[in-house]
Amino acid sequence: MLALGLRRGQITAFVLIELACAIGFAFALAYGKTVVAVSVLLVPLQVFIWAYLIREESRMAMAMVAVASLAAFGLLQREYVIFVFTPGSLALLAACRYPRFMPGSVGERGDAPRHVVIPIIALLTVVLLAAWNAYRKGWARPGLVRQTVTFVEVLGVTWFLFVLPRTIGQLRRLALTMTAIVVLSCLCLPIMPAPTGEGGILGGKIVRSIFGSINMNAYGSVIAASAAIVLGLALDSSAARAKSIALGTAFVVLVAALVVTKSRGAWLGLGLAYVYILFRKRSLKLVLGTAALALLLFSLDFFARIIAVRTTETSLRDPSLLGRFTLWSYAFKVARHNWLFGVGWDAFRYVKYLYGFPGARTYGFRYHTHNIFLELLTGLGLPGLVSFLWLWLGTLFGLDRVARNRSGRPTISYLALGLNAGLVAFLGHNLVDCVVWHYGTFLFLGAILGLSLAAGRVARACDPSPLPGPIQTGHARPRPGR
């Protein structure tokens with residue numbers, strides 16, 4: 001432990017904490033509280049992990065993206081992520097970086113742009129107001145607290161992944177770590193139990209994982225976004241050949257896994273991301289390759305059958321096309337009556353029955369608006385939707401400027417291309433779905449947003465061109481005359 005940089009006083013405190021937890025473990029076990037006993041026993045391990053991570057901010061950033069990717073595949077316990085690791089990590093970072101808790105400060109890195117600070121603060125405010133309004137009107141459900149806490153934590157993850165990375169190399173490592181974990185998770189799919197539940201005649205979509213079930217439709221968003229990021233990085237001609245081959249292999253694995261998910265929305269998202277890459281890259285080889293692949297797929301009877309079945313299939317358990325139109329119409333109805341404060345994050349699926357939504361509640365409670373923007377509108381009201389659009393569009397257009405800038409280093413340009421394509425893929429899927437009800441998927445979106453914002457900040461600091469409003473950062477090369 002001394003090798004990790006901990007002083008003798010810190011080691012003594014750690015030992016005392018461990019002894020206290022051992023005593024607490026014995027008492028909890030004596031009273032039959034097994035879960036509490038195990039949780040108390042693991043506290044010293046968690047303290048040790050935080051002591052290691054907080055010594056270097058890049059470690060904490062790496063842990064955040066790793067936890068988001070692992071949680072999306074159900075490889076971490078939900079309550080641990082939501083109520084222990086994420087809030088504890090954010091609190092430690094806030095205490096270390098902002099001892100006086102000055103809002104809008106980025107410490108030694110300068111001031112954050114308004115399109116980041118204002119919408120994040122606005123979203124934090126409206127999600128708390130929406131929860132208060134839901135309790136005031138009696139719409140609260142047991143999951144409201146957990147979902148509200150998760151929303152606040154996603155904003156925290158977005159903010160700290162925006163301010164922590166110092167260099168292009170750090171950003172690239174974070175993006176590669178995040179996507180590598182998703183690729184490894186996809187390689188585990190063949191050995192997972194057979195999917196069950198909703199999914200129609202093509203099979204179910206619910207797969208059992210270590211700490212619960214995985215909704216493959218929700219995980220499809222993660223896979224599609226990761227595939228878009230990997231594709232953007234793979235197009236960098238300046239990268240070593242071995243890295244390009246590894247990225248190409250990872251893309252093939254992700255696309256194959258996307259087929260296994262049977263998620264129509266995820267394919268839509270990846271398709272939109274691919275169109276964006278084609279538009280921005282403007283490569284004749286890429287266009288011809290895409291056309292050849294499309295002709296091959298549509299010539300296969302199996303592929304055509306999947307499209308036909310999944311497009312026309314509709315049931316109470318699987319609301320396709322017509323079912324989505326019904327959900328969207330009731331989403332507008334709920335939003336019209338609650339346009340200011342909303343009904344609370346993740347509360348539409350309960351409140352919609354108060355406005356006459358048809359069908360049995362046994363199945364219907366699970367269904368959200370099937371559109372992330374309508375979910376924001378119903379859950380957080382018009383202020384929440386506007387704030388999210390401000391943050392997302394500001395990120396999208398800002399990163400697109402970096403992606404099309406070829407005067408600087410090509411690495412940041414292709415990294416920006418991949419991250420922006422990842423955002424397009426995730427939100428493209430969520431035009432016809434809303435998968436952020438899953439805590440891991442929501443954290444993954446926060447990670448992509450944070451890295452995308454950081455890419456824009458680092459690019460502006462390293463760009464030698466005379467762009468207005470530079471933001472200085474860590475080890476990045478400052479502009480001439482600064």
# chains A, B, ... in the order shown; residues from 1 in each chain; ligands from 1

$ select_by_dssp --residues "stretch 376-442 of chain A" --states "alpha helix (DSSP H)" --output "number ranges by chain"
A: 376-403, 410-429, 439-442

$ residues_around --residues "stretch 372-381 of chain A" --least-positions-apart "2" --cutoff "7 Å" --atoms "only C-alpha atoms" --output "list in words"
Val126, Val127, Ala130, Ala331, Val334, Ala335, Asn338, Trp339, Leu340, Phe341, Gly342, Val343, Gly344, Trp345, Asp346, Ala347, Phe348, Thr369, His370, Pro383, Gly384, Leu385, Asn430, Leu431, Asp433 and Cys434 of chain A

$ write_last_selection --atoms "C-alpha atoms" --output "PDB file, in the first residue's frame"
ATOM      1  CA  VAL A 126     -35.936  20.330 -13.907  1.00  0.00           C
ATOM      2  CA  VAL A 127     -35.440  16.647 -13.031  1.00  0.00           C
ATOM      3  CA  ALA A 130     -40.362  16.981 -11.926  1.00  0.00           C
ATOM      4  CA  ALA A 331     -47.428  10.996 -24.868  1.00  0.00           C
ATOM      5  CA  VAL A 334     -49.915  13.696 -21.201  1.00  0.00           C
ATOM      6  CA  ALA A 335     -47.399  16.396 -22.185  1.00  0.00           C
ATOM      7  CA  ASN A 338     -48.124  18.687 -17.860  1.00  0.00           C
ATOM      8  CA  TRP A 339     -45.966  20.816 -20.149  1.00  0.00           C
ATOM      9  CA  LEU A 340     -44.200  22.824 -17.417  1.00  0.00           C
ATOM     10  CA  PHE A 341     -43.032  20.354 -14.751  1.00  0.00           C
ATOM     11  CA  GLY A 342     -43.727  17.023 -16.421  1.00  0.00           C
ATOM     12  CA  VAL A 343     -44.880  13.896 -14.611  1.00  0.00           C
ATOM     13  CA  GLY A 344     -41.466  12.825 -13.309  1.00  0.00           C
ATOM     14  CA  TRP A 345     -38.657  10.970 -15.008  1.00  0.00           C
ATOM     15  CA  ASP A 346     -39.725   7.422 -15.960  1.00  0.00           C
ATOM     16  CA  ALA A 347     -43.286   8.088 -14.723  1.00  0.00           C
ATOM     17  CA  PHE A 348     -45.093   8.227 -18.088  1.00  0.00           C
ATOM     18  CA  THR A 369     -43.102   6.667 -24.988  1.00  0.00           C
ATOM     19  CA  HIS A 370     -40.746   4.827 -27.379  1.00  0.00           C
ATOM     20  CA  PRO A 383     -37.941  23.031 -20.149  1.00  0.00           C
ATOM     21  CA  GLY A 384     -36.360  19.583 -19.888  1.00  0.00           C
ATOM     22  CA  LEU A 385     -36.755  18.873 -23.603  1.00  0.00           C
ATOM     23  CA  ASN A 430     -34.176   6.385 -29.574  1.00  0.00           C
ATOM     24  CA  LEU A 431     -36.293   8.196 -32.137  1.00  0.00           C
ATOM     25  CA  ASP A 433     -37.605   3.787 -28.751  1.00  0.00           C
ATOM     26  CA  CYS A 434     -36.487   4.989 -25.317  1.00  0.00           C
TER      27      CYS A 434
END

$ residues_around --residues "A:Leu176" --least-positions-apart "4" --cutoff "10 Å" --atoms "only C-alpha atoms" --output "CSV table (one decimal) with C-alpha atoms, in the first residue's frame"
chain,number,residue,atom,x,y,z
A,65,VAL,CA,-16.3,4.6,-18.8
A,170,GLN,CA,-6.3,10.1,-23.2
A,171,LEU,CA,-9.5,10.6,-25.0
A,172,ARG,CA,-8.6,7.9,-27.6
A,180,ALA,CA,-13.4,-2.8,-26.1
A,181,ILE,CA,-15.6,-3.8,-23.1
A,182,VAL,CA,-18.7,-3.8,-25.4
A,226,SER,CA,-19.9,1.4,-30.2
A,229,ILE,CA,-17.3,4.9,-32.8
A,230,VAL,CA,-15.1,2.0,-34.0
A,233,LEU,CA,-11.6,5.4,-35.7
A,247,LEU,CA,-10.7,-2.0,-35.3

$ closest_residue --among "A:Trp267, A:Phe85, A:Tyr31, A:Tyr367" --to "A:Val47" --atoms "only C-alpha atoms"
A:Phe85

$ residues_around --residues "A:Ser244" --least-positions-apart "3" --cutoff "12 Å" --atoms "only C-alpha atoms" --output "list in words"
Val230, Leu231, Gly232, Leu233, Ala234, Leu235, Asp236, Ser237, Ser238, Ala239, Ala240, Arg241, Leu247, Gly248, Thr249, Ala250 and Phe251 of chain A

$ write_last_selection --atoms "N, CA, C and O atoms" --output "short mmCIF file (atom, residue, chain, number, x, y, z; two decimals), in the first residue's frame"
data_model
loop_
_atom_site.label_atom_id
_atom_site.label_comp_id
_atom_site.auth_asym_id
_atom_site.auth_seq_id
_atom_site.Cartn_x
_atom_site.Cartn_y
_atom_site.Cartn_z
N VAL A 230 -16.20 2.84 -33.42
CA VAL A 230 -15.12 2.01 -33.96
C VAL A 230 -14.92 2.28 -35.45
O VAL A 230 -13.78 2.38 -35.93
N LEU A 231 -16.02 2.43 -36.20
CA LEU A 231 -15.91 2.70 -37.63
C LEU A 231 -15.21 4.03 -37.88
O LEU A 231 -14.35 4.14 -38.77
N GLY A 232 -15.57 5.06 -37.12
CA GLY A 232 -14.91 6.35 -37.28
C GLY A 232 -13.42 6.27 -37.01
O GLY A 232 -12.61 6.85 -37.75
N LEU A 233 -13.02 5.54 -35.96
CA LEU A 233 -11.60 5.39 -35.65
C LEU A 233 -10.88 4.55 -36.71
O LEU A 233 -9.71 4.81 -37.03
N ALA A 234 -11.57 3.55 -37.26
CA ALA A 234 -10.95 2.67 -38.25
C ALA A 234 -10.64 3.38 -39.56
O ALA A 234 -9.78 2.94 -40.33
N LEU A 235 -11.34 4.47 -39.84
CA LEU A 235 -11.12 5.19 -41.11
C LEU A 235 -9.89 6.06 -41.08
O LEU A 235 -9.52 6.65 -42.10
N ASP A 236 -9.23 6.17 -39.93
CA ASP A 236 -8.02 6.99 -39.81
C ASP A 236 -6.87 6.30 -40.54
O ASP A 236 -6.34 5.28 -40.08
N SER A 237 -6.50 6.83 -41.69
CA SER A 237 -5.45 6.21 -42.51
C SER A 237 -4.07 6.35 -41.89
O SER A 237 -3.14 5.64 -42.27
N SER A 238 -3.91 7.26 -40.93
CA SER A 238 -2.61 7.46 -40.30
C SER A 238 -2.33 6.44 -39.19
O SER A 238 -1.23 6.37 -38.68
N ALA A 239 -3.34 5.65 -38.82
CA ALA A 239 -3.17 4.65 -37.77
C ALA A 239 -2.35 3.47 -38.28
O ALA A 239 -2.30 3.20 -39.48
N ALA A 240 -1.69 2.77 -37.37
CA ALA A 240 -0.90 1.60 -37.73
C ALA A 240 -1.80 0.52 -38.31
O ALA A 240 -2.98 0.42 -37.96
N ARG A 241 -1.22 -0.31 -39.17
CA ARG A 241 -2.01 -1.34 -39.85
C ARG A 241 -2.63 -2.32 -38.86
O ARG A 241 -3.78 -2.73 -39.01
N LEU A 247 -9.49 -2.78 -35.24
CA LEU A 247 -10.73 -2.01 -35.26
C LEU A 247 -11.72 -2.59 -36.26
O LEU A 247 -12.93 -2.64 -35.99
N GLY A 248 -11.23 -3.02 -37.43
CA GLY A 248 -12.11 -3.64 -38.41
C GLY A 248 -12.74 -4.92 -37.89
O GLY A 248 -13.93 -5.19 -38.10
N THR A 249 -11.94 -5.73 -37.19
CA THR A 249 -12.46 -6.96 -36.60
C THR A 249 -13.52 -6.65 -35.54
O THR A 249 -14.56 -7.32 -35.46
N ALA A 250 -13.23 -5.65 -34.72
CA ALA A 250 -14.20 -5.25 -33.69
C ALA A 250 -15.51 -4.80 -34.32
O ALA A 250 -16.60 -5.12 -33.80
N PHE A 251 -15.44 -4.07 -35.43
CA PHE A 251 -16.66 -3.62 -36.11
C PHE A 251 -17.48 -4.81 -36.60
O PHE A 251 -18.72 -4.82 -36.47
#

$ closest_residue --among "A:Ile82, A:Ala447, A:Val260, A:Ala246" --to "A:Leu174" --atoms "only C-alpha atoms"
A:Ala447

$ closest_atom_pairs --of "stretch 384-448 of chain A" --to "stretch 153-163 of chain A" --cutoff "7 Å" --atoms "only C-alpha atoms" --output "CSV"
residue,atom,partner,partner_atom,distance
A:Phe442,CA,A:Val154,CA,6.9
A:Leu443,CA,A:Val154,CA,5.5
A:Gly446,CA,A:Thr158,CA,4.9
A:Ala447,CA,A:Thr158,CA,5.8

$ write_last_selection --atoms "N, CA, C and O atoms" --output "mmCIF file, in the first residue's frame"
data_model
loop_
_atom_site.group_PDB
_atom_site.id
_atom_site.type_symbol
_atom_site.label_atom_id
_atom_site.label_comp_id
_atom_site.auth_asym_id
_atom_site.auth_seq_id
_atom_site.Cartn_x
_atom_site.Cartn_y
_atom_site.Cartn_z
ATOM 1 N N PHE A 442 -28.204 4.295 -19.855
ATOM 2 C CA PHE A 442 -28.242 5.738 -19.625
ATOM 3 C C PHE A 442 -26.850 6.261 -19.268
ATOM 4 O O PHE A 442 -26.409 7.315 -19.768
ATOM 5 N N LEU A 443 -26.113 5.540 -18.419
ATOM 6 C CA LEU A 443 -24.745 5.939 -18.084
ATOM 7 C C LEU A 443 -23.849 5.905 -19.311
ATOM 8 O O LEU A 443 -22.950 6.743 -19.464
ATOM 9 N N GLY A 446 -24.355 9.046 -21.140
ATOM 10 C CA GLY A 446 -23.640 10.122 -20.468
ATOM 11 C C GLY A 446 -22.155 10.085 -20.763
ATOM 12 O O GLY A 446 -21.514 11.134 -20.925
ATOM 13 N N ALA A 447 -21.574 8.864 -20.842
ATOM 14 C CA ALA A 447 -20.150 8.732 -21.148
ATOM 15 C C ALA A 447 -19.835 9.232 -22.553
ATOM 16 O O ALA A 447 -18.845 9.935 -22.772
#

$ residues_around --residues "A:Leu393" --least-positions-apart "5" --cutoff "12 Å" --atoms "only C-alpha atoms" --output "NGL selection string"
:A and (115-116 or 119 or 385-388 or 398-400 or 420 or 423-424 or 427 or 449 or 452-453)

$ select_by_dssp --residues "stretch 67-234 of chain A" --states "strand (DSSP E)" --output "list in words"
Ile206, Val207, Arg208, Ser209, Gly212, Ser213, Ile214 and Asn215 of chain A

$ residues_around --residues "A:Tyr276" --least-positions-apart "4" --cutoff "7 Å" --atoms "only C-alpha atoms" --output "JSON list (two decimals) with C-alpha atoms, in the first residue's frame"
[["chain", "number", "residue", "atom", "x", "y", "z"],
["A", 272, "LEU", "CA", -28.14, 6.98, -39.67],
["A", 280, "ARG", "CA", -18.62, 13.64, -43.72],
["A", 421, "ALA", "CA", -21.47, 9.03, -35.20]]

$ residues_around --residues "A:Val402" --least-positions-apart "5" --cutoff "8 Å" --atoms "only C-alpha atoms" --output "VMD selection string"
chain A and resid 412 to 413 416 to 417 456 459

$ write_last_selection --atoms "N, CA and C atoms" --output "CSV table (one decimal), in the first residue's frame"
chain,number,residue,atom,x,y,z
A,412,ILE,N,-7.5,13.5,-33.8
A,412,ILE,CA,-8.7,14.1,-33.2
A,412,ILE,C,-9.8,14.2,-34.1
A,413,SER,N,-9.5,14.4,-35.4
A,413,SER,CA,-10.6,14.5,-36.4
A,413,SER,C,-11.4,13.3,-36.5
A,416,ALA,N,-13.3,12.5,-33.3
A,416,ALA,CA,-14.6,13.3,-33.3
A,416,ALA,C,-15.6,12.7,-34.2
A,417,LEU,N,-15.2,12.3,-35.4
A,417,LEU,CA,-16.1,11.6,-36.3
A,417,LEU,C,-16.8,10.4,-35.7
A,456,GLY,N,-14.2,18.1,-28.2
A,456,GLY,CA,-14.3,19.5,-28.7
A,456,GLY,C,-13.4,20.5,-28.0
A,459,ALA,N,-9.7,19.7,-28.8
A,459,ALA,CA,-9.4,20.1,-30.2
A,459,ALA,C,-9.3,21.6,-30.3

$ closest_residue --among "A:Leu164, A:Ala131, A:Leu42, A:Val67" --to "A:Val145" --atoms "only C-alpha atoms"
A:Ala131

$ closest_atom_pairs --of "stretch 108-197 of chain A" --to "stretch 206-218 of chain A" --cutoff "10 Å" --atoms "only C-alpha atoms" --output "Markdown table"
| residue | atom | partner | partner_atom | distance |
| --- | --- | --- | --- | --- |
| A:Leu189 | CA | A:Val207 | CA | 9.0 |
| A:Met192 | CA | A:Val207 | CA | 7.2 |
| A:Pro193 | CA | A:Val207 | CA | 6.3 |
| A:Ala194 | CA | A:Val207 | CA | 6.6 |
| A:Pro195 | CA | A:Val207 | CA | 4.7 |
| A:Thr196 | CA | A:Ile206 | CA | 5.1 |
| A:Gly197 | CA | A:Ile206 | CA | 5.7 |

$ atom_distance --atom1 "atom CA of A:Ala140" --atom2 "atom CA of A:Phe357"
18.2 Å

$ atom_distance --atom1 "atom CA of A:Cys21" --atom2 "atom CA of A:Phe83"
18.3 Å

$ atom_distance --atom1 "atom CA of A:Tyr439" --atom2 "atom CA of A:Arg97"
25.9 Å

$ closest_residue --among "A:His429, A:Arg173, A:Arg78, A:Arg59" --to "A:Ala266" --atoms "only C-alpha atoms"
A:His429
